[in-house]
Amino acid sequence: MLSPGYVARRVLHALVVLAVVAVVTFFIVRLAPGGPAALADPALRDAERAVIEARLGLNDPLPIQFLKFVGNAVRGDLGQSFLFGTPTTQVIASRLGNTLILAGAALTLTLLVAVPLGTLSGLRPHSWLDRIVSFVSVVVLAVPVFWLGLILIIALAVLRPVLPAGGMYTTGMEGNLLDLLRHLLLPAVVLASASIAELLRYTRSSVRSAAKLDHVRTARAKGLPQRTVHVRHVLKNALIPVVTVIGLQLPRLVGGAAVTETIFAWPGMGRLSVEAALGRDYPLILGVTLVVAAAVVLFNLLIDLVYPLIDPRIRTDG
Amino acid sequence: MKRTLMTLGLALAGGLAGAQSNILQLPLINDPILNPLIAPDLGSILVNKVLFPGLVRPDENLQPVPDLAKSWTVTNGGLVYTFALRDDVRWHDGKPFTADDVVYTFKTAADPKSGSRLASDFSSIKSVEARGKYTVRFTLSRPFAPFLILLGHNAGILPKHLLDGKDLNANTAFNRQLPIGTGPFKVSRVVPGASVTLEVNKDYYGAAPKLAGITFKVVPDLNTQVAQLRSGQLDWVTLEPSNLASVQNVPNIAIKQANAVQHFLVFFNLKNPLFTAPKVREAMQYAVNRKAIIDGILKGYADYPTGTIPTALRTYYDKSIKPITYNPAQALKLLAQAGWKPNARGTLVNSKGEPFKFTLIVDKGNATREQSALAVQQDLKKIGMDVTLQTLEFGTLVRDYLIPGKYDANLIWWTTPPDPDQYSFYATGQDNNEAAWSNARADSLLRRGRETVDPVARKNIYNAYQRLTMQDPPVLVLYYPKELQAISKDLTGVPDLGIRDALRYTERFQLR
């Protein structure tokens, strides 16, 4: 049973983490070398440079800039993006949905492939299936994402043009579900590849450990059918820690899709974070970091809250 | 269930059907700012060239020809320009275009406080006024020969009725979603992070466009751009020489090269005593094998340099000037005259035994520039210079090293309007003269060059300047690059220009 005190503590903890992330990110990006892309043109004259700096609010001392940022942030205003000239929250909102589509597809693929294959592998260690699955997952983990992406583009979009090489929709077909699915397939496979390999290996070892537990042996000794033993005793125990791993992978799908989104020209958060970093768009870097941090914190919070429900051994009232 | 899956599979694999035909597809690397006065990057400039015509546009010789202006006269010794405007032009929202729009545009463009990025281009404007509904008069504070060229460069005309009194940068609806210009195409849809779609402007004042539309697609990765070009999702990609192999011998793609008004160079910080003597900088011209860089790294897609005026400026470039070719022995001779001789270990040292040691910086991530910098370092090492190569992210290089003058040498480039005026880059004390080069004769030539309207006299001035920079080189010019274009063979009607100038003529483009 979840106690209200436990939930309140976890929520408070989450808010503190977010505040710390904001402060640390603010100072790291400001103290990093270089400056906003708006100022990176070497042909700018000093007077023009000064006007741009003033417009971007960069001529105040750093502590003042920080106080202004905090003041606005508590009111939900993360400032104006330097690159887009629109409120940071608006820019992020316009991309977050696209990333959730991609991340959702990648997560679905991950779950559909990794959990069943990992379970089968774990239940039949050293079988031919287990060997193939282990080998492929190690290879996939070792392959860089950008390379895999480009190889798939060359194979399936250039040499045998069955799928589009990038983008989210064919121009003029925005909103068409089938067109979206065609564009989604390659990036989702690439984004999911590492997660599949990781989760698969984790599921496999979790299932193997669970299969060795005393009560599973007892169940077997009682003569319960193999199937019942697997489903009721092995899987139930094995999949609880797997939930944690899935939870930890979610924020990576939301924020860490930078390479995949860039290669596939997918207009999401990952690419936005690259644009923001390259353009030294301070408000946008902060905004994107906060959203990703919020996702991490939120998923962790959800896991913490869900865990006691699926595993009653975990007590929350202590 | 099986049948549904099969249908879905077939539909997914259904090729690229559904894409509309006769629509030109061009890449961008990020979302553009749809306002020519504040456009900060090449992608934005490209879209704006289509949406916002200027008073003039460049012809294939890069000389200005009429666009929104029908004709013009230059009087008072080059101080007064009077333009007769077309009277048949409408903005994309249907409102008529008048002289007031031109006045608004240039008053704003010339005002640095407005946030305009063209303020320095038009700082010579003393006043601009409407003399009737379709006549505009510019009065300059000093004769300024590049004026007409600059009018045809990035200075698209903006609608006064929509922007007057508003902050240029804050007007996001106009700048991001719904720009209103007078060009042959108008924006029909902007999908953030994905595309800007243009449709035909039926009220266009010139010849009716032949394309059904233009789509600028945001494709940040150059490899993906090439893949999309090959799969027919893009029609025109500008490339780096290192990408050439992936588009050569592809049936439907032609490789074209266009003249770029650019010179790639190594700045030497002349505040550093190492480089003060012109002999040292002259020696560098002999010490670096520029032909090897052009042939090896640029695959031949560049011209061999003679001074800072690129070959693309055909009218002003003096072909008769003999280039300085690779000759390390000559470099060592000149360096000896400047007091630098190799010691027993082959290191170049001065009379006190101090080595000729410096750091060359270059921006990270561009193979052509990184390899060129490496070639420069290796060549200078061969004559005994101790050169450290440092790569930096471009913004850092500019802001933390170049602008404050905290560097020894720096490989970079200048892209200039199609005019030989280089006053702001190489005249004493100018903001863009980051090398801090100073030569009284060059100052005088550069000043006269921008004030002389007569083309013949002007050519003589720049020829003299070009010769001067061979003896007292302000920088080490490495090459004049060509713009490399991989272009669908179905696309015709494109003038023989670089992509940014060619996009002033999209009404002539045609897709087979």
# chains A, B, ... in the order shown; residues from 1 in each chain; ligands from 1
$ residues_around --residues "A:Gly85" --least-positions-apart "6" --cutoff "9 Å" --atoms "only C-alpha atoms" --output "PyMOL selection string"
chain B and resi 169-172+175-176
$ select_by_dssp --residues "stretch 401-483 of chain B" --states "strand (DSSP E)" --output "number ranges by chain"
B: 409-415, 476-483
$ interface_residues --of "chain A" --to "chain B" --cutoff "8 Å" --atoms "only C-alpha atoms" --output "JSON, numbers by chain"
{"A": [33, 34, 35, 36, 37, 38, 39, 40, 41, 42, 43, 44, 45, 46, 47, 48, 51, 52, 84, 85, 86, 94, 95, 150, 153, 154, 157, 158, 161, 162, 163, 164, 165, 166, 167, 168, 170, 171, 172, 173, 178, 179, 181, 182, 262, 263, 264, 265, 266, 267, 268, 275]}
$ residues_around --residues "B:Thr139" --least-positions-apart "5" --cutoff "6 Å" --atoms "only C-alpha atoms" --output "JSON, numbers by chain"
{"B": [79, 80, 126, 127]}
$ write_last_selection --atoms "N, CA, C and O atoms" --output "mmCIF file, in the first residue's frame"
data_model
loop_
_atom_site.group_PDB
_atom_site.id
_atom_site.type_symbol
_atom_site.label_atom_id
_atom_site.label_comp_id
_atom_site.auth_asym_id
_atom_site.auth_seq_id
_atom_site.Cartn_x
_atom_site.Cartn_y
_atom_site.Cartn_z
ATOM 1 N N LEU B 79 26.301 59.963 -56.152
ATOM 2 C CA LEU B 79 25.709 60.138 -54.814
ATOM 3 C C LEU B 79 24.198 59.889 -54.797
ATOM 4 O O LEU B 79 23.645 59.542 -53.757
ATOM 5 N N VAL B 80 23.542 60.070 -55.936
ATOM 6 C CA VAL B 80 22.077 59.946 -55.946
ATOM 7 C C VAL B 80 21.645 58.844 -56.922
ATOM 8 O O VAL B 80 22.033 58.846 -58.090
ATOM 9 N N LYS B 126 22.382 58.029 -46.876
ATOM 10 C CA LYS B 126 22.116 59.212 -46.049
ATOM 11 C C LYS B 126 20.607 59.412 -45.928
ATOM 12 O O LYS B 126 20.090 59.685 -44.852
ATOM 13 N N SER B 127 19.934 59.268 -47.052
ATOM 14 C CA SER B 127 18.474 59.347 -46.982
ATOM 15 C C SER B 127 17.869 58.503 -48.101
ATOM 16 O O SER B 127 18.493 58.270 -49.128
#
$ residues_around --residues "stretch 281-294 of chain A" --least-positions-apart "2" --cutoff "8 Å" --atoms "only C-alpha atoms" --output "MDAnalysis selection string"
chainID A and resid 18 21:22 25:26 29:30 36:37 78:83 88:89 92 251 254:255 269 272:273 276:279 296:298
$ write_last_selection --atoms "C-alpha atoms" --output "compact mmCIF listing (two decimals), in the first residue's frame"
# COMPACT_ATOMS: atom_id res chain seq x y z
CA LEU A 18 14.88 19.32 -11.33
CA VAL A 21 19.58 20.19 -12.94
CA ALA A 22 18.42 23.70 -13.93
CA THR A 25 22.91 23.32 -16.64
CA PHE A 26 22.57 27.11 -16.54
CA VAL A 29 26.25 26.18 -20.72
CA ARG A 30 27.10 29.78 -19.84
CA PRO A 36 25.19 31.97 -29.55
CA ALA A 37 25.20 31.14 -33.25
CA LEU A 78 11.80 29.58 -19.94
CA GLY A 79 12.65 32.55 -22.12
CA GLN A 80 12.78 33.21 -25.83
CA SER A 81 14.77 30.79 -27.98
CA PHE A 82 17.68 32.59 -29.68
CA LEU A 83 17.41 30.46 -32.80
CA THR A 88 11.26 28.04 -25.67
CA THR A 89 8.24 26.17 -24.32
CA ILE A 92 9.72 22.27 -27.38
CA PRO A 251 14.04 8.91 -20.98
CA VAL A 254 12.91 10.81 -25.40
CA GLY A 255 16.11 12.78 -25.08
CA MET A 269 13.52 16.72 -29.41
CA LEU A 272 16.36 20.01 -31.31
CA SER A 273 18.87 19.42 -28.54
CA ALA A 276 20.27 24.12 -29.47
CA ALA A 277 23.75 23.01 -28.43
CA LEU A 278 25.40 23.87 -31.75
CA GLY A 279 23.63 27.23 -31.86
CA VAL A 296 13.80 10.81 -16.16
CA VAL A 297 12.45 11.96 -12.82
CA LEU A 298 8.86 11.22 -13.79
